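Student: First the structure, then my questions, so here it is.
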Amino acid sequence: MKKSIILFLAIVATMSLSAQKYALHFGSTDAPVVVAGDTVEYTTTDIDMNVMHMAYLYIYIENLTDSNLVTDNDYEVLEGPADLETEVCAGGNCPQQGEYTLVPGDNPDMPFTLEPHLKPEYGGQHILYRVTVGEGRNLENGVTVYIRVNITANSGINSADNAEAVKVYPNPTRGKVTVGDKEYDLSGRSAGVYYLPVEGGSARVIKL
């Protein structure tokens, strides 16, 4: 009888595992899987607060099946500033254009991205997002996780565009870039134009 119960539990566990179609990774494709119901934390940086005025929260979606999945997502702000604005990118489009298809395995070029707009007066507060990724508009077989953003105080860096000439290389870049005597890693950022802080202003960097 005991063996039968153990066998039954093993079968149930196997069925549950096989039914899961998505694995979510926060920050990078090789980051640990965020288990359904878990909360991951992100603390804003000086660049987020004083240069970009936005945070970029990447959720990389792994398709655990052997077939393409038509995928969608939803998010809700559970806690945060009343006037908070958040942009969403997904499926390789920014802003998100609706449902998108994920091939089996990792999809490094198509993360689901939350981009909260940050204001100096938000310093010391936090944002709590609830995020669900699932199949189609009904989010079937969905996985729900939580993201807590800890907002740091503004350090007062001037983000004006008219910084004195400073050496920036390589520019454009696909990852790391040196601005003056500091190195920044933009590997986890989406392609676009970034303004990185230097004394007296900021330097324009193109991320490929």
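Naming works like this for the structure tokens: A, B, ... for the chains as they're shown, residue 1 at the start of each chain, ligands 1 onward in shown order.
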If you take only C-alpha atoms and a cut-off of 8 Å, which residues of range 92-192 of chain A touch range 73-81 of chain A, and what are their nearest atom pairs and distances in Å to one decimal, in chain and number order, as CSV?

Tutor:
```
residue,atom,partner,partner_atom,distance
A:Tyr122,CA,A:Pro81,CA,7.0
A:Gln125,CA,A:Gly80,CA,7.2
A:His126,CA,A:Gly80,CA,5.8
A:Ile127,CA,A:Gly80,CA,4.3
A:Leu128,CA,A:Glu79,CA,4.9
A:Tyr129,CA,A:Val77,CA,4.7
A:Arg130,CA,A:Glu76,CA,5.2
A:Val131,CA,A:Tyr75,CA,4.4
A:Thr132,CA,A:Asp74,CA,5.3
A:Val133,CA,A:Asn73,CA,4.4
A:Gly134,CA,A:Asn73,CA,6.2
A:Arg137,CA,A:Asn73,CA,7.8
A:Leu139,CA,A:Asn73,CA,6.8
```

Student: Let's see if you can do this: from backbone DSSP, list all strand (DSSP E or B) residues in range 10-190 of chain A, as an NGL selection string.

Tutor: :A and (22-26 or 33 or 39-43 or 54 or 57-63 or 69-79 or 86-90 or 93 or 100-102 or 105 or 112-117 or 126-135 or 140-150 or 168-169 or 173 or 176-179 or 182-185)

Student: With only C-alpha atoms as the atoms that count, which of A:Tyr56, A:Tyr194, A:Tyr169, A:Phe26 lies nearest to Val145 in chain A?

Tutor: A:Phe26

Student: Choose the residue, out of A:Gly136, A:Gly180, A:Gly98, A:Gly91, that has the smallest atom-to-atom separation from Thr71 in chain A; count only C-alpha atoms.

Tutor: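 Between A:Gly136, A:Gly180, A:Gly98, A:Gly91, the residue approaching Thr71 in chain A most closely is A:Gly136.
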
Student: To one decimal in Å, tell me the separation between CA of Ile151 in chain A and CA of Gly37 in chain A.

Tutor: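 CA of Gly37 in chain A lies at a distance of 22.2 Å from CA of Ile151 in chain A.
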
Student: Which is closer to Asn150 in chain A than all the others in A:Asp181, A:Asp48, A:Glu87, A:Glu135, using only C-alpha atoms?

Tutor: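 The closest residue to Asn150 in chain A is A:Asp48.
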
Student: Counting only C-alpha atoms, which residue out of A:Tyr184, A:Tyr195, A:Phe112, A:Tyr100 sits closest to Tyr58 in chain A?

Tutor: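 Closest candidate: A:Phe112.
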
Student: At a cut-off of 7 Å, using only C-alpha atoms, what residues contact Leu196 in chain A? Leave out same-chain residues fewer than 3 positions from it and give the result as a list in words.

Tutor: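 Once the nearby chain positions are removed, what remains is Ile47, Val51, Ser202, Ala203 and Arg204 of chain A.
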
Student: Grab the residues selected above and save them as a compact mmCIF listing (two decimals), in the first residue's frame with N, CA and C atoms.

Tutor:
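Writing done, so here's selection26.txt:
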```
# COMPACT_ATOMS: atom_id res chain seq x y z
N ILE A 47 21.86 55.41 -12.58
CA ILE A 47 21.51 55.60 -13.99
C ILE A 47 20.00 55.56 -14.16
N VAL A 51 19.58 59.45 -14.94
CA VAL A 51 19.88 59.56 -16.37
C VAL A 51 18.70 59.08 -17.22
N SER A 202 26.06 64.24 -19.42
CA SER A 202 25.95 62.84 -19.78
C SER A 202 26.52 62.61 -21.17
N ALA A 203 26.90 61.36 -21.44
CA ALA A 203 27.45 60.98 -22.73
C ALA A 203 26.46 60.08 -23.47
N ARG A 204 26.30 60.31 -24.77
CA ARG A 204 25.35 59.57 -25.58
C ARG A 204 25.99 58.26 -26.07
```

Student: Using only C-alpha atoms, which residues sit within 12 Å of Tyr22 in chain A once same-chain residues fewer than 4 positions away are excluded, as a short mmCIF file (atom, residue, chain, number, x, y, z; two decimals) with N, CA and C atoms, in the first residue's frame?

Tutor:
```
data_model
loop_
_atom_site.label_atom_id
_atom_site.label_comp_id
_atom_site.auth_asym_id
_atom_site.auth_seq_id
_atom_site.Cartn_x
_atom_site.Cartn_y
_atom_site.Cartn_z
N LEU A 17 4.69 18.68 -13.41
CA LEU A 17 5.88 19.24 -14.02
C LEU A 17 5.72 19.34 -15.53
N SER A 18 5.16 18.26 -16.13
CA SER A 18 5.01 18.25 -17.58
C SER A 18 3.98 19.26 -18.05
N VAL A 33 15.33 30.13 -12.20
CA VAL A 33 13.90 30.22 -12.49
C VAL A 33 13.19 30.86 -11.31
N VAL A 34 12.30 31.80 -11.60
CA VAL A 34 11.46 32.40 -10.57
C VAL A 34 10.23 31.52 -10.41
N VAL A 35 10.09 30.89 -9.27
CA VAL A 35 9.00 29.95 -9.02
C VAL A 35 7.68 30.71 -8.90
N ALA A 36 6.61 30.13 -9.43
CA ALA A 36 5.30 30.76 -9.36
C ALA A 36 4.97 31.18 -7.94
N ILE A 59 11.97 40.13 -17.82
CA ILE A 59 11.59 38.75 -17.52
C ILE A 59 11.77 37.94 -18.80
N TYR A 60 12.75 37.06 -18.79
CA TYR A 60 13.01 36.21 -19.95
C TYR A 60 12.17 34.95 -19.83
N ILE A 61 11.49 34.60 -20.91
CA ILE A 61 10.50 33.52 -20.89
C ILE A 61 11.04 32.31 -21.64
N GLU A 62 11.14 31.20 -20.92
CA GLU A 62 11.59 29.95 -21.52
C GLU A 62 10.37 29.08 -21.84
N ASN A 63 10.27 28.66 -23.10
CA ASN A 63 9.20 27.76 -23.53
C ASN A 63 9.64 26.34 -23.23
N LEU A 64 8.98 25.69 -22.28
CA LEU A 64 9.38 24.36 -21.84
C LEU A 64 8.84 23.23 -22.72
N THR A 65 8.04 23.56 -23.72
CA THR A 65 7.44 22.54 -24.58
C THR A 65 8.29 22.31 -25.83
N ASP A 66 7.83 21.40 -26.66
CA ASP A 66 8.52 21.11 -27.93
C ASP A 66 7.86 21.82 -29.11
N SER A 67 6.89 22.69 -28.81
CA SER A 67 6.15 23.37 -29.87
C SER A 67 6.15 24.88 -29.62
N ASN A 68 5.83 25.64 -30.68
CA ASN A 68 5.68 27.07 -30.51
C ASN A 68 4.48 27.37 -29.61
N LEU A 69 4.59 28.42 -28.81
CA LEU A 69 3.49 28.82 -27.94
C LEU A 69 3.08 30.26 -28.27
N VAL A 70 1.79 30.46 -28.52
CA VAL A 70 1.26 31.81 -28.68
C VAL A 70 1.04 32.37 -27.27
N THR A 71 1.77 33.40 -26.94
CA THR A 71 1.91 33.85 -25.56
C THR A 71 1.41 35.28 -25.37
N ASP A 72 0.93 35.56 -24.17
CA ASP A 72 0.54 36.91 -23.80
C ASP A 72 0.89 37.10 -22.33
N ASN A 73 0.68 38.29 -21.81
CA ASN A 73 1.02 38.58 -20.42
C ASN A 73 0.13 39.68 -19.88
N LEU A 102 6.47 32.22 -29.02
CA LEU A 102 7.76 31.83 -28.46
C LEU A 102 8.12 30.44 -28.98
N VAL A 103 9.33 30.30 -29.50
CA VAL A 103 9.80 29.00 -29.94
C VAL A 103 10.24 28.20 -28.72
N PRO A 104 10.38 26.88 -28.85
CA PRO A 104 10.83 26.07 -27.71
C PRO A 104 12.19 26.54 -27.19
N GLY A 105 12.39 26.47 -25.88
CA GLY A 105 13.65 26.88 -25.27
C GLY A 105 13.65 28.35 -24.90
N ASP A 106 14.87 28.91 -24.75
CA ASP A 106 15.02 30.31 -24.39
C ASP A 106 14.67 31.21 -25.56
N ASN A 107 14.22 32.41 -25.23
CA ASN A 107 13.92 33.43 -26.24
C ASN A 107 14.58 34.74 -25.83
N THR A 132 1.79 38.03 -14.84
CA THR A 132 1.38 36.69 -15.28
C THR A 132 1.72 36.52 -16.74
N VAL A 133 2.36 35.41 -17.06
CA VAL A 133 2.66 35.03 -18.44
C VAL A 133 1.95 33.72 -18.74
N GLY A 134 1.23 33.66 -19.87
CA GLY A 134 0.50 32.45 -20.20
C GLY A 134 0.16 32.38 -21.67
N GLU A 135 -0.62 31.37 -22.04
CA GLU A 135 -0.98 31.15 -23.44
C GLU A 135 -2.17 32.02 -23.84
N LEU A 139 -4.47 33.64 -21.00
CA LEU A 139 -3.32 33.32 -20.16
C LEU A 139 -3.42 31.91 -19.57
N GLU A 140 -3.82 30.96 -20.41
CA GLU A 140 -3.92 29.57 -19.96
C GLU A 140 -2.53 29.04 -19.59
N ASN A 141 -2.50 28.11 -18.65
CA ASN A 141 -1.24 27.54 -18.15
C ASN A 141 -0.28 28.63 -17.70
N GLY A 142 -0.85 29.70 -17.14
CA GLY A 142 -0.04 30.86 -16.78
C GLY A 142 0.83 30.66 -15.55
N VAL A 143 1.87 31.46 -15.49
CA VAL A 143 2.76 31.51 -14.32
C VAL A 143 2.72 32.93 -13.78
N THR A 144 2.44 33.08 -12.50
CA THR A 144 2.35 34.40 -11.88
C THR A 144 3.48 34.60 -10.88
N VAL A 145 4.19 35.72 -11.01
CA VAL A 145 5.27 36.06 -10.09
C VAL A 145 5.12 37.53 -9.69
#
```

Student: Between CA of Pro111 in chain A and CA of Lys176 in chain A, what is the distance in Å, rounded to a tenth?

Tutor: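 These two atoms are separated by 19.9 Å.
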
Student: Nearest residue to Leu118 in chain A out of A:Ser28, A:Gln20, A:Asn50, A:Ser190, using only C-alpha atoms?

Tutor: A:Asn50

Student: Could you give me, as number ranges by chain, each residue of range 17-159 of chain A that DSSP assigns to helix (DSSP H, G or I) when run on this structure's backbone?

Tutor: A: 17-19, 46-52, 120-122

Student: With distances taken over only C-alpha atoms, which of A:Cys89, A:Met49, A:Leu57, A:Ala19 is nearest to Tyr146 in chain A?

Tutor: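 Result for the nearest residue to Tyr146 in chain A: A:Leu57.
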
Student: Would you mind reading off the distance between CA of Thr43 in chain A and CA of Ala55 in chain A, one decimal, in Å?

Tutor: 9.2 Å
